[in-house]
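Just coords-v2.txt here, compact mmCIF, C-alpha atoms (C1' of nucleotides):
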```
# COMPACT_ATOMS: atom_id res chain seq x y z
CA MET A 1 0.00 0.00 0.00
CA PRO A 2 1.50 3.33 -1.01
CA ALA A 3 1.93 5.82 1.82
CA SER A 4 -0.12 8.99 1.63
CA LEU A 5 1.73 12.14 0.74
CA GLN A 6 0.72 13.58 4.09
CA THR A 7 2.45 10.73 5.88
CA GLU A 8 5.42 10.83 3.54
CA LEU A 9 6.07 14.49 4.28
CA LYS A 10 5.15 14.06 7.96
CA GLN A 11 2.47 16.69 7.74
CA THR A 12 0.40 17.15 10.85
CA ARG A 13 -2.60 18.50 8.96
CA PRO A 14 -4.40 17.13 5.91
CA PHE A 15 -4.19 19.04 2.63
CA PRO A 16 -6.70 21.89 2.46
CA SER A 17 -8.00 20.69 -0.91
CA ARG A 18 -7.59 17.95 -3.46
CA ILE A 19 -6.18 20.56 -5.80
CA SER A 20 -3.39 21.40 -3.37
CA GLU A 21 -2.71 17.74 -2.75
CA ALA A 22 -2.48 16.99 -6.47
CA PHE A 23 -0.27 20.03 -7.01
CA VAL A 24 2.22 18.93 -4.37
CA SER A 25 1.94 15.30 -5.49
CA ILE A 26 3.16 16.21 -8.95
CA LEU A 27 6.08 18.27 -7.64
CA ARG A 28 7.05 15.64 -5.09
CA THR A 29 6.90 12.76 -7.53
CA ALA A 30 8.99 14.62 -10.07
CA ALA A 31 11.57 15.39 -7.39
CA VAL A 32 11.82 11.69 -6.59
CA LEU A 33 12.14 10.73 -10.25
CA ASP A 34 14.67 13.45 -10.97
CA HIS A 35 16.78 12.34 -8.02
CA GLN A 36 16.71 8.71 -9.11
CA LEU A 37 17.59 9.65 -12.66
CA SER A 38 20.38 11.86 -11.43
CA GLU A 39 21.86 9.01 -9.40
CA ALA A 40 21.58 6.63 -12.32
CA LEU A 41 23.43 9.03 -14.60
CA ARG A 42 26.10 10.00 -12.10
CA PRO A 43 28.48 7.13 -12.87
CA PHE A 44 28.50 8.31 -16.47
CA GLY A 45 29.32 11.89 -15.56
CA ILE A 46 26.23 13.56 -16.99
CA THR A 47 23.20 15.27 -15.46
CA PRO A 48 19.53 14.81 -16.34
CA THR A 49 19.63 18.13 -18.21
CA GLN A 50 22.61 17.04 -20.28
CA HIS A 51 20.99 13.67 -20.91
CA ASN A 52 17.92 15.49 -22.16
CA VAL A 53 19.97 17.62 -24.56
CA LEU A 54 21.79 14.60 -25.94
CA ARG A 55 18.51 12.80 -26.63
CA ILE A 56 17.13 15.88 -28.36
CA LEU A 57 20.19 16.13 -30.57
CA ARG A 58 20.14 12.43 -31.34
CA GLY A 59 16.57 12.91 -32.52
CA ALA A 60 17.64 15.81 -34.71
CA GLY A 61 20.32 13.76 -36.44
CA ALA A 62 23.12 15.13 -38.56
CA SER A 63 21.36 18.42 -39.33
CA GLY A 64 21.38 19.35 -35.66
CA LEU A 65 19.48 22.15 -33.93
CA CYS A 66 20.22 25.68 -32.85
CA GLY A 67 20.13 26.79 -29.21
CA ARG A 68 16.64 28.20 -29.30
CA GLU A 69 15.26 25.00 -30.82
CA ILE A 70 16.97 22.93 -28.16
CA ALA A 71 15.51 25.14 -25.44
CA GLU A 72 12.01 24.67 -26.85
CA ARG A 73 12.34 20.90 -26.68
CA MET A 74 13.75 20.57 -23.18
CA VAL A 75 11.66 19.03 -20.44
CA ALA A 76 12.69 21.76 -18.01
CA ARG A 77 13.32 25.28 -19.23
CA VAL A 78 16.95 26.30 -18.97
CA PRO A 79 18.24 29.84 -19.10
CA ASP A 80 21.81 30.20 -20.31
CA VAL A 81 21.75 27.64 -23.10
CA PRO A 82 25.16 28.71 -24.48
CA ARG A 83 27.06 27.77 -21.34
CA MET A 84 25.19 24.52 -20.97
CA LEU A 85 26.27 23.65 -24.51
CA ASP A 86 29.79 24.82 -23.67
CA ARG A 87 30.04 22.11 -21.07
CA LEU A 88 28.79 19.42 -23.43
CA GLU A 89 31.22 20.59 -26.08
CA THR A 90 34.10 20.51 -23.60
CA MET A 91 33.14 16.90 -22.88
CA ARG A 92 33.19 16.27 -26.65
CA LEU A 93 29.59 15.03 -26.56
CA ILE A 94 28.36 17.67 -29.00
CA GLY A 95 29.85 19.84 -31.72
CA ARG A 96 28.89 23.37 -32.67
CA ARG A 97 29.25 25.39 -35.83
CA ARG A 98 27.83 28.68 -37.03
CA ASP A 99 25.07 28.29 -39.54
CA PRO A 100 26.30 29.89 -42.80
CA GLU A 101 22.69 30.56 -43.83
CA ASP A 102 22.02 32.67 -40.76
CA ARG A 103 25.13 33.53 -38.86
CA ARG A 104 23.15 34.31 -35.72
CA HIS A 105 22.42 30.62 -35.29
CA VAL A 106 24.83 28.12 -33.85
CA THR A 107 23.93 24.61 -34.86
CA ALA A 108 24.71 21.89 -32.37
CA THR A 109 25.05 18.24 -33.32
CA ILE A 110 25.68 15.14 -31.27
CA THR A 111 29.07 13.48 -31.67
CA ALA A 112 29.87 9.78 -31.93
CA ARG A 113 30.95 9.94 -28.33
CA GLY A 114 27.62 11.53 -27.42
CA LEU A 115 25.79 8.69 -29.10
CA GLU A 116 27.96 6.18 -27.29
CA ILE A 117 27.18 7.65 -23.92
CA LEU A 118 23.46 7.61 -24.69
CA ASP A 119 23.72 3.92 -25.49
CA ALA A 120 25.77 3.34 -22.36
CA VAL A 121 23.33 5.03 -19.99
CA ARG A 122 20.23 3.51 -21.47
CA PRO A 123 20.05 0.38 -19.32
CA ALA A 124 20.40 2.45 -16.16
CA VAL A 125 17.74 4.92 -17.30
CA ASP A 126 15.38 2.14 -18.32
CA ALA A 127 15.90 0.51 -14.96
CA VAL A 128 14.83 3.66 -13.15
CA GLU A 129 11.74 4.01 -15.32
CA ARG A 130 10.76 0.41 -14.76
CA ALA A 131 11.49 0.52 -11.04
CA ARG A 132 9.02 3.35 -10.57
CA LEU A 133 6.46 2.76 -13.30
CA GLY A 134 6.87 -0.88 -14.25
CA ARG A 135 4.15 -2.18 -12.00
CA LEU A 136 1.47 0.27 -13.03
CA SER A 137 -1.28 -1.01 -15.27
CA GLU A 138 -1.61 0.26 -18.81
CA ARG A 139 -4.83 1.92 -17.76
CA THR A 140 -3.17 3.75 -14.88
CA LEU A 141 -0.32 4.92 -17.11
CA VAL A 142 -2.72 6.31 -19.69
CA GLY A 143 -4.71 7.99 -16.92
CA LEU A 144 -1.57 9.68 -15.63
CA ILE A 145 -0.45 10.78 -19.09
CA GLU A 146 -3.84 12.26 -19.91
CA GLY A 147 -4.37 13.82 -16.52
CA LEU A 148 -0.97 15.47 -16.57
CA ALA A 149 -1.54 16.79 -20.08
CA ALA A 150 -4.74 18.39 -18.83
CA VAL A 151 -2.82 19.95 -15.94
CA ARG A 152 -0.24 21.47 -18.26
CA ASP A 153 -3.01 22.72 -20.45
CA GLY A 154 -4.98 24.13 -17.55
CA ALA A 155 -8.15 22.62 -18.99
CA MET B 156 -8.05 19.46 -26.36
CA PRO B 157 -4.68 19.17 -24.57
CA ALA B 158 -1.69 18.89 -26.87
CA SER B 159 0.27 15.65 -26.71
CA LEU B 160 3.62 15.76 -24.98
CA GLN B 161 5.25 14.71 -28.23
CA THR B 162 3.83 17.77 -29.97
CA GLU B 163 4.60 20.01 -27.02
CA LEU B 164 8.28 19.09 -27.06
CA LYS B 165 8.35 18.99 -30.87
CA GLN B 166 9.54 15.42 -30.88
CA THR B 167 9.83 13.81 -34.29
CA ARG B 168 9.37 10.30 -32.94
CA PRO B 169 6.73 8.86 -30.63
CA PHE B 170 7.75 7.73 -27.16
CA PRO B 171 9.21 4.22 -27.14
CA SER B 172 6.85 3.11 -24.36
CA ARG B 173 4.03 4.34 -22.21
CA ILE B 174 6.36 4.08 -19.25
CA SER B 175 8.79 6.53 -20.84
CA GLU B 176 5.97 8.85 -21.80
CA ALA B 177 4.55 8.84 -18.28
CA PHE B 178 8.03 9.39 -16.83
CA VAL B 179 8.66 12.44 -18.97
CA SER B 180 5.07 13.63 -18.46
CA ILE B 181 5.60 13.83 -14.72
CA LEU B 182 8.90 15.69 -15.03
CA ARG B 183 7.54 18.07 -17.65
CA THR B 184 4.37 18.86 -15.74
CA ALA B 185 6.30 19.54 -12.55
CA ALA B 186 8.64 21.86 -14.45
CA VAL B 187 5.64 23.83 -15.69
CA LEU B 188 4.09 24.02 -12.23
CA ASP B 189 7.36 24.96 -10.57
CA HIS B 190 7.91 27.72 -13.09
CA GLN B 191 4.42 29.12 -12.58
CA LEU B 192 4.80 28.98 -8.83
CA SER B 193 8.17 30.65 -9.04
CA GLU B 194 6.73 33.51 -11.09
CA ALA B 195 3.82 33.90 -8.70
CA LEU B 196 6.20 34.14 -5.72
CA ARG B 197 8.72 36.43 -7.40
CA PRO B 198 6.95 39.70 -6.54
CA PHE B 199 7.18 38.69 -2.88
CA GLY B 200 10.90 37.95 -3.05
CA ILE B 201 10.79 34.27 -2.14
CA THR B 202 11.42 31.06 -4.05
CA PRO B 203 9.32 27.88 -4.10
CA THR B 204 11.86 26.24 -1.81
CA GLN B 205 11.64 29.06 0.71
CA HIS B 206 7.86 29.03 0.47
CA ASN B 207 7.94 25.33 1.24
CA VAL B 208 10.11 25.85 4.32
CA LEU B 209 7.85 28.61 5.64
CA ARG B 210 4.77 26.42 5.29
CA ILE B 211 6.54 23.59 7.08
CA LEU B 212 7.51 25.87 9.94
CA ARG B 213 4.04 27.36 10.14
CA GLY B 214 2.73 23.81 10.53
CA ALA B 215 5.23 23.16 13.31
CA GLY B 216 4.13 26.19 15.29
CA ALA B 217 6.00 27.75 18.16
CA SER B 218 8.01 24.62 18.97
CA GLY B 219 9.69 24.76 15.58
CA LEU B 220 11.76 22.09 13.88
CA CYS B 221 15.44 21.29 13.51
CA GLY B 222 17.21 21.24 10.17
CA ARG B 223 16.99 17.51 9.64
CA GLU B 224 13.25 17.51 10.34
CA ILE B 225 12.75 20.33 7.86
CA ALA B 226 14.73 18.44 5.23
CA GLU B 227 12.54 15.36 5.71
CA ARG B 228 9.41 17.37 5.08
CA MET B 229 10.50 19.26 2.00
CA VAL B 230 8.91 18.46 -1.32
CA ALA B 231 12.30 18.50 -3.03
CA ARG B 232 15.38 17.35 -1.15
CA VAL B 233 17.82 20.11 -0.47
CA PRO B 234 21.43 19.65 0.48
CA ASP B 235 22.92 22.47 2.51
CA VAL B 236 20.00 23.18 4.82
CA PRO B 237 22.03 25.51 7.06
CA ARG B 238 22.71 28.05 4.35
CA MET B 239 19.16 27.90 3.06
CA LEU B 240 18.01 28.75 6.57
CA ASP B 241 20.69 31.45 6.74
CA ARG B 242 18.97 33.26 3.91
CA LEU B 243 15.55 33.01 5.51
CA GLU B 244 16.98 34.27 8.77
CA THR B 245 18.63 37.20 7.02
CA MET B 246 15.22 38.07 5.59
CA ARG B 247 13.81 37.87 9.13
CA LEU B 248 11.30 35.23 8.06
CA ILE B 249 12.56 32.62 10.51
CA GLY B 250 14.47 32.57 13.77
CA ARG B 251 17.01 30.01 14.97
CA ARG B 252 18.24 28.95 18.36
CA ARG B 253 20.28 26.07 19.62
CA ASP B 254 18.22 23.42 21.35
CA PRO B 255 19.40 23.29 25.01
CA GLU B 256 18.19 19.67 25.26
CA ASP B 257 20.49 18.55 22.47
CA ARG B 258 23.03 21.11 21.49
CA ARG B 259 23.59 19.47 18.11
CA HIS B 260 20.15 20.61 16.99
CA VAL B 261 19.26 24.10 15.85
CA THR B 262 15.56 24.76 16.13
CA ALA B 263 14.04 27.03 13.50
CA THR B 264 10.74 28.83 14.02
CA ILE B 265 8.72 31.06 11.73
CA THR B 266 8.55 34.75 12.64
CA ALA B 267 5.55 37.06 12.56
CA ARG B 268 6.95 38.45 9.35
CA GLY B 269 7.21 34.94 7.94
CA LEU B 270 3.56 34.34 8.73
CA GLU B 271 2.64 37.62 7.12
CA ILE B 272 4.38 36.77 3.91
CA LEU B 273 2.65 33.39 3.81
CA ASP B 274 -0.70 35.15 4.09
CA ALA B 275 0.34 37.66 1.46
CA VAL B 276 1.39 35.08 -1.14
CA ARG B 277 -1.56 32.80 -0.61
CA PRO B 278 -3.92 34.33 -3.19
CA ALA B 279 -1.22 34.15 -5.86
CA VAL B 280 -0.38 30.55 -5.01
CA ASP B 281 -4.03 29.55 -4.95
CA ALA B 282 -4.50 31.21 -8.31
CA VAL B 283 -1.72 29.11 -9.83
CA GLU B 284 -3.17 25.91 -8.39
CA ARG B 285 -6.63 26.72 -9.67
CA ALA B 286 -5.38 27.85 -13.07
CA ARG B 287 -3.78 24.49 -13.66
CA LEU B 288 -5.96 22.08 -11.71
CA GLY B 289 -9.24 23.92 -11.22
CA ARG B 290 -11.00 22.39 -14.18
CA LEU B 291 -10.13 18.80 -13.44
CA SER B 292 -12.89 16.59 -12.08
CA GLU B 293 -12.70 15.24 -8.55
CA ARG B 294 -12.30 11.80 -10.06
CA THR B 295 -9.36 12.89 -12.21
CA LEU B 296 -7.67 14.57 -9.25
CA VAL B 297 -8.00 11.47 -7.11
CA GLY B 298 -6.71 9.36 -9.99
CA LEU B 299 -3.64 11.57 -10.28
CA ILE B 300 -2.99 11.58 -6.54
CA GLU B 301 -3.23 7.81 -6.30
CA GLY B 302 -1.31 7.14 -9.48
CA LEU B 303 1.53 9.42 -8.43
CA ALA B 304 1.67 7.82 -4.97
CA ALA B 305 2.08 4.46 -6.68
CA VAL B 306 4.88 5.89 -8.81
CA ARG B 307 6.76 7.18 -5.76
CA ASP B 308 6.26 3.83 -4.10
CA GLY B 309 7.35 1.89 -7.14
CA ALA B 310 4.46 -0.49 -6.66
C1' DT C 311 33.75 5.21 32.46
C1' DG C 312 35.94 5.75 28.20
C1' DA C 313 36.67 4.73 23.56
C1' DC C 314 34.13 4.71 19.53
C1' DA C 315 30.33 5.35 16.50
C1' DA C 316 26.56 8.11 15.06
C1' DT C 317 24.14 12.44 14.48
C1' DC C 318 23.74 17.45 13.20
C1' DA C 319 25.15 21.60 11.84
C1' DA C 320 28.58 24.55 9.88
C1' DT C 321 32.06 25.56 6.57
C1' DG C 322 35.09 25.51 2.31
C1' DT C 323 34.90 24.87 -2.38
C1' DT C 324 33.33 24.16 -6.96
C1' DA C 325 29.71 23.94 -10.33
C1' DT C 326 25.64 25.38 -12.17
C1' DA C 327 21.48 28.27 -12.27
C1' DA C 328 19.63 32.66 -12.80
C1' DC C 329 19.51 37.25 -14.32
C1' DA C 330 20.89 41.37 -16.77
C1' DT C 331 23.22 43.23 -20.46
C1' DA C 332 26.00 43.27 -24.63
C1' DT C 333 27.24 41.94 -29.28
C1' DA C 334 26.31 40.27 -33.77
C1' DA C 335 23.28 39.23 -37.61
C1' DT C 336 19.09 39.56 -39.97
C1' DA C 337 14.48 41.36 -40.92
C1' DT C 338 11.45 45.36 -41.50
C1' DG C 339 9.60 49.89 -42.71
C1' DG C 340 9.99 54.29 -44.47
C1' DC D 341 19.17 51.94 -48.68
C1' DC D 342 19.44 53.46 -44.20
C1' DA D 343 17.66 53.54 -39.52
C1' DT D 344 15.48 50.74 -36.44
C1' DA D 345 13.55 46.62 -34.53
C1' DT D 346 14.01 41.82 -33.86
C1' DT D 347 16.31 37.55 -33.16
C1' DA D 348 20.08 34.65 -31.48
C1' DT D 349 24.08 33.87 -29.00
C1' DA D 350 27.59 35.39 -25.83
C1' DT D 351 29.31 37.42 -21.64
C1' DG D 352 29.57 39.49 -16.83
C1' DT D 353 27.89 38.95 -12.43
C1' DT D 354 25.53 37.22 -8.52
C1' DA D 355 22.99 33.67 -6.18
C1' DT D 356 22.12 29.18 -5.19
C1' DA D 357 22.90 24.21 -5.60
C1' DA D 358 25.83 20.48 -4.86
C1' DC D 359 29.50 18.06 -2.75
C1' DA D 360 33.09 17.07 0.58
C1' DT D 361 35.00 17.87 4.95
C1' DT D 362 35.14 19.42 9.63
C1' DG D 363 33.71 20.19 14.31
C1' DA D 364 30.81 19.66 18.07
C1' DT D 365 27.63 16.88 20.67
C1' DT D 366 25.39 12.85 22.03
C1' DG D 367 24.52 7.83 22.16
C1' DT D 368 26.31 3.07 22.66
C1' DC D 369 28.51 -0.59 24.72
C1' DA D 370 32.59 -3.13 26.12
```

So, in terms of structure tokens, how does the structure I just supplied come out?
Amino acid sequence: MPASLQTELKQTRPFPSRISEAFVSILRTAAVLDHQLSEALRPFGITPTQHNVLRILRGAGASGLCGREIAERMVARVPDVPRMLDRLETMRLIGRRRDPEDRRHVTATITARGLEILDAVRPAVDAVERARLGRLSERTLVGLIEGLAAVRDGA
Amino acid sequence: MPASLQTELKQTRPFPSRISEAFVSILRTAAVLDHQLSEALRPFGITPTQHNVLRILRGAGASGLCGREIAERMVARVPDVPRMLDRLETMRLIGRRRDPEDRRHVTATITARGLEILDAVRPAVDAVERARLGRLSERTLVGLIEGLAAVRDGA
DNA sequence: TGACAATCAATGTTATAACATATAATATGG
DNA sequence: CCATATTATATGTTATAACATTGATTGTCA
């Protein structure tokens, strides 16, 4: 039996409303997942944010994406995209070049080493996903996905 | 109609599994909520983390709580509790004193000013909660709360 | 009791996030 | 075609997060 959020956070009083409870539930659950993901990635020397960028660039393929496009696709909004990409470039996981078509853009692409690290971390990432979500029924998963989409949409 | 997460993040490929989609859905939704909350609190000069601490200390009342107890109750784990409390103390929103019973502990309590700011931010915080979750049915809210509890539990 | 382990908080340090502003390139309107 | 606005990235700075270590206090048990 899963513990109630109230018990989990040792709250002396019940939530004032179901809306508040759901709000905190989402934030709390994400914090747990982010922490687990972070621990799983640690041995490989990358953070969840960096992992996210690498997956985005893998999806973009050889043509790559510019900083603004990467920012749009990230799970969590990040200010200071240039310096985040700096770090990935220093690690040789991505490459950057100015777009000759529009010299304002800097196109980032994933390197072979970036692809290798994505392959390497995959079992650990999958394990975290399965550890937390593997026992939920298909129906529950779909309910979560749809409910959360409605929350983001505010409708 | 809520947009799919795939569309929202401009992904070219569908999620490999419902588990992955639910995993990212939770992280993405929390990022949206955290951002909205952060913006709502900004005019008052406090962050979501600080807001969380103040609510915890309000719940604890005059007896207060020590750093470890605060950490246990936070929605997101924070390392470096002492310096987070330093900032709140500098803002005069909390007070700290060494527990004479056990001099290892430092008991933090919320100040009158801390209580005032909690009252002041409440309409803004409620507005964010309602904007995102206000249109969801009771049944959907309960489904989310229970589903997310199962995710945290891994069962 | 006295050594040792465990618990908390504080501190030193580095890394990253966050914010404001600047620089460069392109688009737009007269 | 020039002045201006807009877009994109870069940079300077400060604040906070994250991590490791230290110091002080208390608990445990031989």

Any chance you could dump chain A, least-squares fitted to chain B on all C-alpha atoms in order, as a tab-separated table (two decimals) with C-alpha atoms, keeping the file's coordinate frame?
```
chain	number	residue	atom	x	y	z
A	1	MET	CA	-8.00	19.50	-26.40
A	2	PRO	CA	-4.68	19.21	-24.61
A	3	ALA	CA	-1.66	18.89	-26.88
A	4	SER	CA	0.27	15.64	-26.71
A	5	LEU	CA	3.61	15.75	-24.98
A	6	GLN	CA	5.23	14.70	-28.23
A	7	THR	CA	3.82	17.75	-29.97
A	8	GLU	CA	4.59	20.00	-27.02
A	9	LEU	CA	8.26	19.05	-27.06
A	10	LYS	CA	8.34	18.96	-30.88
A	11	GLN	CA	9.53	15.39	-30.90
A	12	THR	CA	9.80	13.79	-34.30
A	13	ARG	CA	9.34	10.27	-32.97
A	14	PRO	CA	6.70	8.85	-30.64
A	15	PHE	CA	7.73	7.72	-27.15
A	16	PRO	CA	9.19	4.21	-27.15
A	17	SER	CA	6.83	3.11	-24.37
A	18	ARG	CA	4.00	4.33	-22.22
A	19	ILE	CA	6.35	4.08	-19.27
A	20	SER	CA	8.78	6.52	-20.85
A	21	GLU	CA	5.96	8.84	-21.82
A	22	ALA	CA	4.54	8.84	-18.29
A	23	PHE	CA	8.01	9.37	-16.84
A	24	VAL	CA	8.65	12.44	-18.97
A	25	SER	CA	5.07	13.64	-18.48
A	26	ILE	CA	5.58	13.83	-14.73
A	27	LEU	CA	8.89	15.68	-15.04
A	28	ARG	CA	7.54	18.07	-17.65
A	29	THR	CA	4.38	18.87	-15.75
A	30	ALA	CA	6.29	19.53	-12.56
A	31	ALA	CA	8.63	21.85	-14.44
A	32	VAL	CA	5.65	23.83	-15.69
A	33	LEU	CA	4.09	24.02	-12.23
A	34	ASP	CA	7.36	24.94	-10.57
A	35	HIS	CA	7.91	27.72	-13.09
A	36	GLN	CA	4.42	29.12	-12.57
A	37	LEU	CA	4.81	28.97	-8.82
A	38	SER	CA	8.18	30.64	-9.05
A	39	GLU	CA	6.72	33.50	-11.08
A	40	ALA	CA	3.84	33.89	-8.67
A	41	LEU	CA	6.19	34.14	-5.71
A	42	ARG	CA	8.71	36.43	-7.37
A	43	PRO	CA	6.96	39.70	-6.50
A	44	PHE	CA	7.19	38.67	-2.86
A	45	GLY	CA	10.90	37.94	-3.04
A	46	ILE	CA	10.79	34.26	-2.12
A	47	THR	CA	11.42	31.04	-4.04
A	48	PRO	CA	9.32	27.87	-4.09
A	49	THR	CA	11.87	26.22	-1.79
A	50	GLN	CA	11.65	29.05	0.72
A	51	HIS	CA	7.87	29.02	0.48
A	52	ASN	CA	7.94	25.32	1.24
A	53	VAL	CA	10.11	25.84	4.33
A	54	LEU	CA	7.87	28.59	5.64
A	55	ARG	CA	4.78	26.39	5.30
A	56	ILE	CA	6.55	23.56	7.09
A	57	LEU	CA	7.52	25.84	9.95
A	58	ARG	CA	4.05	27.33	10.15
A	59	GLY	CA	2.75	23.79	10.54
A	60	ALA	CA	5.25	23.13	13.31
A	61	GLY	CA	4.14	26.17	15.29
A	62	ALA	CA	6.00	27.73	18.17
A	63	SER	CA	8.02	24.61	18.98
A	64	GLY	CA	9.69	24.74	15.59
A	65	LEU	CA	11.79	22.06	13.89
A	66	CYS	CA	15.46	21.30	13.52
A	67	GLY	CA	17.23	21.25	10.16
A	68	ARG	CA	17.04	17.52	9.65
A	69	GLU	CA	13.30	17.51	10.34
A	70	ILE	CA	12.77	20.32	7.87
A	71	ALA	CA	14.75	18.43	5.24
A	72	GLU	CA	12.59	15.34	5.73
A	73	ARG	CA	9.43	17.33	5.10
A	74	MET	CA	10.51	19.23	2.01
A	75	VAL	CA	8.92	18.45	-1.33
A	76	ALA	CA	12.31	18.50	-3.04
A	77	ARG	CA	15.40	17.32	-1.22
A	78	VAL	CA	17.84	20.12	-0.50
A	79	PRO	CA	21.46	19.67	0.43
A	80	ASP	CA	22.96	22.49	2.46
A	81	VAL	CA	20.03	23.18	4.76
A	82	PRO	CA	22.05	25.52	7.02
A	83	ARG	CA	22.71	28.07	4.29
A	84	MET	CA	19.16	27.91	3.05
A	85	LEU	CA	18.02	28.75	6.58
A	86	ASP	CA	20.68	31.46	6.73
A	87	ARG	CA	18.98	33.26	3.90
A	88	LEU	CA	15.55	33.01	5.50
A	89	GLU	CA	16.97	34.26	8.77
A	90	THR	CA	18.64	37.20	7.03
A	91	MET	CA	15.22	38.05	5.60
A	92	ARG	CA	13.82	37.84	9.15
A	93	LEU	CA	11.28	35.22	8.07
A	94	ILE	CA	12.56	32.61	10.52
A	95	GLY	CA	14.47	32.57	13.79
A	96	ARG	CA	16.98	30.02	14.99
A	97	ARG	CA	18.20	28.99	18.41
A	98	ARG	CA	20.26	26.11	19.71
A	99	ASP	CA	18.22	23.48	21.44
A	100	PRO	CA	19.39	23.39	25.09
A	101	GLU	CA	18.28	19.75	25.36
A	102	ASP	CA	20.57	18.66	22.55
A	103	ARG	CA	23.03	21.30	21.55
A	104	ARG	CA	23.63	19.65	18.19
A	105	HIS	CA	20.17	20.71	17.08
A	106	VAL	CA	19.26	24.15	15.89
A	107	THR	CA	15.56	24.77	16.15
A	108	ALA	CA	14.04	27.02	13.54
A	109	THR	CA	10.73	28.81	14.01
A	110	ILE	CA	8.72	31.03	11.73
A	111	THR	CA	8.54	34.71	12.65
A	112	ALA	CA	5.53	37.03	12.55
A	113	ARG	CA	6.93	38.42	9.35
A	114	GLY	CA	7.19	34.90	7.95
A	115	LEU	CA	3.55	34.30	8.74
A	116	GLU	CA	2.62	37.60	7.13
A	117	ILE	CA	4.37	36.74	3.92
A	118	LEU	CA	2.65	33.35	3.81
A	119	ASP	CA	-0.69	35.11	4.11
A	120	ALA	CA	0.34	37.62	1.48
A	121	VAL	CA	1.39	35.05	-1.12
A	122	ARG	CA	-1.56	32.77	-0.61
A	123	PRO	CA	-3.91	34.31	-3.17
A	124	ALA	CA	-1.22	34.15	-5.84
A	125	VAL	CA	-0.37	30.54	-4.99
A	126	ASP	CA	-4.03	29.54	-4.95
A	127	ALA	CA	-4.49	31.21	-8.30
A	128	VAL	CA	-1.73	29.12	-9.83
A	129	GLU	CA	-3.17	25.92	-8.40
A	130	ARG	CA	-6.63	26.73	-9.68
A	131	ALA	CA	-5.38	27.86	-13.08
A	132	ARG	CA	-3.78	24.49	-13.69
A	133	LEU	CA	-5.96	22.09	-11.72
A	134	GLY	CA	-9.23	23.93	-11.24
A	135	ARG	CA	-10.98	22.43	-14.21
A	136	LEU	CA	-10.14	18.82	-13.48
A	137	SER	CA	-12.90	16.64	-12.13
A	138	GLU	CA	-12.71	15.28	-8.61
A	139	ARG	CA	-12.32	11.84	-10.12
A	140	THR	CA	-9.37	12.91	-12.25
A	141	LEU	CA	-7.68	14.59	-9.29
A	142	VAL	CA	-8.02	11.48	-7.15
A	143	GLY	CA	-6.71	9.37	-10.03
A	144	LEU	CA	-3.64	11.58	-10.31
A	145	ILE	CA	-3.00	11.59	-6.57
A	146	GLU	CA	-3.26	7.82	-6.34
A	147	GLY	CA	-1.32	7.14	-9.50
A	148	LEU	CA	1.51	9.41	-8.44
A	149	ALA	CA	1.65	7.82	-5.00
A	150	ALA	CA	2.04	4.46	-6.70
A	151	VAL	CA	4.86	5.88	-8.83
A	152	ARG	CA	6.73	7.15	-5.79
A	153	ASP	CA	6.21	3.84	-4.13
A	154	GLY	CA	7.32	1.88	-7.17
A	155	ALA	CA	4.36	-0.46	-6.72
```

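Between CA of Val121 in chain A and CA of Val233 in chain B the interatomic distance comes to 25.3 Å.
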
| field | Close residues, range 160-174 of chain B itself excluded, 6 Å, all atoms listed in the file, min 2 positions apart in chain, as a list of chain:residue names | value | A:Arg73, B:Glu176, B:Ala177

| Would you list which chain B residues are within 9 Å of chain C using all atoms listed in the file, as a ChimeraX atom specification? | /B:222-223,236-238,259-261

Using 12 Å as the limit and counting only C-alpha atoms (C1' of nucleotides), can you tabulate each residue of chain B that touches chain D, with its shortest atom-to-atom distance in Å and the two atoms involved, as JSON lines?
```
{"residue": "B:Thr202", "atom": "CA", "partner": "D:DT356", "partner_atom": "C1'", "distance": 10.9}
{"residue": "B:Thr204", "atom": "CA", "partner": "D:DT356", "partner_atom": "C1'", "distance": 11.2}
{"residue": "B:Arg232", "atom": "CA", "partner": "D:DA357", "partner_atom": "C1'", "distance": 11.1}
{"residue": "B:Val233", "atom": "CA", "partner": "D:DA357", "partner_atom": "C1'", "distance": 8.3}
{"residue": "B:Pro234", "atom": "CA", "partner": "D:DA358", "partner_atom": "C1'", "distance": 7.0}
{"residue": "B:Asp235", "atom": "CA", "partner": "D:DA358", "partner_atom": "C1'", "distance": 8.2}
{"residue": "B:Val236", "atom": "CA", "partner": "D:DA357", "partner_atom": "C1'", "distance": 10.9}
{"residue": "B:Arg238", "atom": "CA", "partner": "D:DT356", "partner_atom": "C1'", "distance": 9.6}
{"residue": "B:Met239", "atom": "CA", "partner": "D:DT356", "partner_atom": "C1'", "distance": 8.9}
{"residue": "B:Arg242", "atom": "CA", "partner": "D:DT356", "partner_atom": "C1'", "distance": 10.5}
{"residue": "B:Arg253", "atom": "CA", "partner": "D:DT365", "partner_atom": "C1'", "distance": 11.8}
{"residue": "B:Asp254", "atom": "CA", "partner": "D:DT365", "partner_atom": "C1'", "distance": 11.5}
{"residue": "B:Pro255", "atom": "CA", "partner": "D:DT365", "partner_atom": "C1'", "distance": 11.3}
{"residue": "B:Glu256", "atom": "CA", "partner": "D:DT366", "partner_atom": "C1'", "distance": 10.4}
{"residue": "B:Asp257", "atom": "CA", "partner": "D:DT366", "partner_atom": "C1'", "distance": 7.5}
{"residue": "B:Arg258", "atom": "CA", "partner": "D:DT365", "partner_atom": "C1'", "distance": 6.3}
{"residue": "B:Arg259", "atom": "CA", "partner": "D:DT365", "partner_atom": "C1'", "distance": 5.4}
{"residue": "B:His260", "atom": "CA", "partner": "D:DT365", "partner_atom": "C1'", "distance": 9.1}
```
